[in-house]
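Next up, run25.txt (compact mmCIF, C-alpha atoms):
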```
# COMPACT_ATOMS: atom_id res chain seq x y z
CA LEU A 1 24.39 -28.87 6.36
CA CYS A 2 21.18 -30.52 5.20
CA ALA A 3 18.05 -31.06 7.24
CA LEU A 4 17.16 -34.60 8.18
CA GLU A 5 13.40 -34.18 7.87
CA THR A 6 11.86 -31.91 5.25
CA GLU A 7 8.29 -32.02 6.53
CA ARG A 8 7.28 -28.52 7.61
CA ASP A 9 3.85 -27.17 6.81
CA THR A 10 4.77 -23.53 7.43
CA GLY A 11 6.68 -21.15 5.21
CA ALA A 12 9.50 -18.76 6.00
CA LEU A 13 9.62 -15.00 6.48
CA ILE A 14 12.65 -13.83 4.51
CA SER A 15 14.42 -10.47 4.69
CA VAL A 16 14.46 -8.38 1.51
CA ASP A 17 16.97 -5.86 2.87
CA THR A 18 20.37 -5.78 4.56
CA ASN A 19 20.37 -3.52 7.61
CA ILE A 20 19.51 -3.33 11.32
CA VAL A 21 16.14 -4.71 12.47
CA GLU A 22 13.67 -2.05 13.61
CA GLU A 23 11.02 -2.59 16.28
CA TYR A 24 8.52 -0.54 14.24
CA SER A 25 8.78 -2.95 11.32
CA LEU A 26 8.55 -6.10 13.46
CA ALA A 27 5.34 -4.78 15.01
CA GLY A 28 3.94 -4.19 11.52
CA HIS A 29 4.52 -7.82 10.53
CA ASN A 30 3.45 -9.38 13.83
CA ASN A 31 0.37 -11.00 12.29
CA GLN A 32 2.48 -12.99 9.78
CA GLY A 33 4.03 -15.36 12.30
CA ARG A 34 6.81 -15.64 14.84
CA PHE A 35 10.27 -14.15 14.48
CA PHE A 36 13.77 -15.53 15.07
CA ILE A 37 15.30 -12.03 15.38
CA LEU A 38 15.06 -9.11 17.79
CA PRO A 39 15.28 -5.33 17.24
CA GLY A 40 18.89 -4.25 16.84
CA ASP A 41 20.02 -7.47 15.14
CA GLU A 42 21.75 -7.21 11.79
CA VAL A 43 20.03 -9.08 8.95
CA HIS A 44 21.10 -9.79 5.38
CA TYR A 45 19.20 -10.16 2.12
CA GLY A 46 17.76 -13.68 1.89
CA GLN A 47 18.08 -14.40 5.62
CA ILE A 48 15.20 -16.29 7.18
CA VAL A 49 13.91 -13.99 9.92
CA GLY A 50 10.79 -15.89 10.97
CA GLU A 51 8.20 -18.55 10.40
CA ASN A 52 5.14 -17.75 8.27
CA THR A 53 2.30 -19.31 10.23
CA LYS A 54 -0.43 -17.32 8.47
CA THR A 55 -0.23 -19.01 5.07
CA LYS A 56 0.82 -22.64 4.78
CA LEU A 57 3.88 -23.40 2.61
CA GLN A 58 4.37 -19.76 1.58
CA ASN A 59 7.80 -18.12 1.69
CA LEU A 60 7.17 -14.42 2.14
CA GLY A 61 9.71 -11.64 1.62
CA ILE A 62 9.37 -8.87 4.22
CA ASN A 63 11.31 -5.73 5.10
CA VAL A 64 12.15 -5.85 8.81
CA CYS A 65 14.48 -2.84 8.50
CA LYS A 66 11.84 -0.22 7.69
CA LYS A 67 11.91 2.79 10.01
CA ASN A 68 9.10 5.08 11.08
CA GLU A 69 9.74 8.08 8.85
CA GLN A 70 7.33 10.40 10.64
CA GLN A 71 9.49 12.93 12.46
CA GLY A 72 6.80 14.86 14.29
CA GLY A 73 5.64 18.39 13.64
CA MET A 74 2.02 17.30 13.71
CA ARG A 75 -0.60 18.30 16.21
CA ALA A 76 -1.60 15.71 18.76
CA ASN A 77 -5.19 14.93 19.62
CA ALA A 78 -7.00 12.37 21.72
CA THR A 79 -7.18 9.72 18.99
CA ASP A 80 -3.43 9.68 18.28
CA GLY A 81 -2.83 7.14 21.05
CA ALA A 82 -5.26 4.71 19.43
CA LYS A 83 -3.65 5.10 16.01
CA LYS A 84 -0.13 4.26 17.14
CA ARG A 85 1.22 0.91 16.05
CA GLN A 86 1.27 -1.52 18.94
CA ILE A 87 4.71 -2.93 19.65
CA ILE A 88 3.68 -6.55 20.14
CA TYR A 89 5.40 -9.47 18.42
CA SER A 90 6.67 -12.90 19.34
CA ALA A 91 10.37 -13.62 18.94
CA GLN A 92 12.46 -16.65 19.81
CA ARG A 93 16.21 -17.22 19.55
CA PHE A 94 17.16 -20.48 17.87
CA THR A 95 20.14 -22.58 18.86
CA PHE A 96 22.14 -24.45 16.22
CA GLU A 97 20.20 -27.66 16.96
CA ASP A 98 16.88 -25.82 16.57
CA CYS A 99 18.03 -24.42 13.22
CA VAL A 100 19.06 -27.85 11.95
CA SER A 101 15.69 -29.30 12.86
CA TRP A 102 13.77 -26.36 11.31
CA VAL A 103 15.43 -25.83 7.89
CA CYS A 104 14.40 -27.63 4.70
CA ASP A 105 16.55 -29.00 1.89
CA ASP A 106 16.71 -25.69 0.00
CA GLU A 107 17.76 -23.65 3.06
CA LEU A 108 21.22 -23.22 4.60
CA ILE A 109 22.62 -22.41 8.04
CA THR A 110 25.47 -19.92 8.35
CA VAL A 111 27.43 -20.05 11.60
CA THR A 112 29.74 -17.19 12.60
CA PRO A 113 31.33 -16.43 15.99
CA LYS A 114 28.64 -13.79 16.64
CA SER A 115 25.52 -15.36 15.17
CA ILE A 116 23.70 -18.33 13.70
CA ARG A 117 21.68 -17.44 10.60
CA MET A 118 19.32 -19.44 8.43
CA ARG A 119 19.14 -18.29 4.85
CA LYS A 120 17.53 -19.01 1.52
CA PRO A 121 20.36 -18.96 -1.07
CA LYS A 122 18.11 -18.85 -4.16
CA PHE A 123 15.70 -16.21 -2.87
CA SER A 124 14.52 -13.89 -5.65
CA GLY A 125 12.82 -11.29 -3.43
CA LYS A 126 9.33 -12.45 -4.37
CA THR A 127 6.73 -14.43 -2.50
CA SER A 128 6.93 -18.09 -3.44
CA MET A 129 5.17 -21.29 -2.54
CA ARG A 130 7.21 -24.11 -1.05
CA SER A 131 6.36 -27.58 -2.29
CA MET A 132 6.10 -30.51 0.08
CA THR A 133 8.68 -33.14 -0.72
CA PRO A 134 7.61 -36.68 0.08
CA LYS A 135 9.76 -38.59 2.57
CA LYS A 136 12.06 -41.18 1.06
```

Write the structure described by the file as structure tokens, please.
Amino acid sequence: LCALETERDTGALISVDTNIVEEYSLAGHNNQGRFFILPGDEVHYGQIVGENTKTKLQNLGINVCKKNEQQGGMRANATDGAKKRQIIYSAQRFTFEDCVSWVCDDELITVTPKSIRMRKPKFSGKTSMRSMTPKK
């Protein structure tokens, strides 16, 4: 399905891994933009997981499946609470109509009985700039 209007001045946040979304990783990328996924969701390589509002027209590959590898065994002190990563991020579920209005010409929508996913089929895993296509 192709988008009707290709004018979008923001880029996409694209998953570079296939796994379960972790809250720790979403909190680490919260300054990049808003997300379309929640912790516990399953994502695939090349799936659009959010909107890059920080840099205009930039498609950014991020790992939203990264876990906190620190298992403990360290002494706690008073400053540990300040060093913890804050779990604050903005997430919004998109309906099919929202997805159709958001995607560009080079992006696809995959609909399954359990989910609606937007994806970038030609994603190479690297950060890329999206060019603005003039309206016809």

For A:Leu108, the closest of A:Gln92, A:Asn52, A:Ser124, A:Gln47 counting only C-alpha atoms is A:Gln47

Atom CA of A:Ser115 to atom CA of A:Arg8 measures 23.7 Å

Atom CA of A:Gly28 sits from atom CA of A:Ile116 at a separation of 24.4 Å

Exercise for the section: For A:Glu22, list every protein, DNA or RNA residue within 7 Å, evaluated using only C-alpha atoms, and leave out those in the same chain fewer than 2 positions away; present the list as a PyMOL selection string. Expected result: chain A and resi 20+24-26+39-40+64-67

message: Env of A:Lys54: 12 Å cut, atoms = only C-alpha atoms, seq-sep filter 2 positions within chain, self excluded. Answer as an MDAnalysis selection string.
response: chainID A and resid 9:13 29:34 50:52 56:60

Put those residues in a file: C-alpha atoms, as a compact mmCIF listing (two decimals), in the frame of the given file.
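New file selection_11.txt:
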```txt
# COMPACT_ATOMS: atom_id res chain seq x y z
CA ASP A 9 3.85 -27.17 6.81
CA THR A 10 4.77 -23.53 7.43
CA GLY A 11 6.68 -21.15 5.21
CA ALA A 12 9.50 -18.76 6.00
CA LEU A 13 9.62 -15.00 6.48
CA HIS A 29 4.52 -7.82 10.53
CA ASN A 30 3.45 -9.38 13.83
CA ASN A 31 0.37 -11.00 12.29
CA GLN A 32 2.48 -12.99 9.78
CA GLY A 33 4.03 -15.36 12.30
CA ARG A 34 6.81 -15.64 14.84
CA GLY A 50 10.79 -15.89 10.97
CA GLU A 51 8.20 -18.55 10.40
CA ASN A 52 5.14 -17.75 8.27
CA LYS A 56 0.82 -22.64 4.78
CA LEU A 57 3.88 -23.40 2.61
CA GLN A 58 4.37 -19.76 1.58
CA ASN A 59 7.80 -18.12 1.69
CA LEU A 60 7.17 -14.42 2.14
```

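Residue nearest A:Arg117, chosen from A:Val103, A:Ile62, A:Ile14, A:Ile48 and counting only C-alpha atoms: A:Ile48.
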
In Å and to one decimal, atom CA of A:Val49 is distant from atom CA of A:Phe35 by 5.8 Å

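Shortest separation to A:Asp41 among A:Ala91, A:Val21, A:Ala27, A:Ile109 occurs at residue A:Val21, atoms counted being all atoms listed in the file.
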
Counting all atoms listed in the file, closest pick from A:Asn68, A:Gly46, A:Thr55, A:Thr95 relative to A:Glu107 is A:Gly46
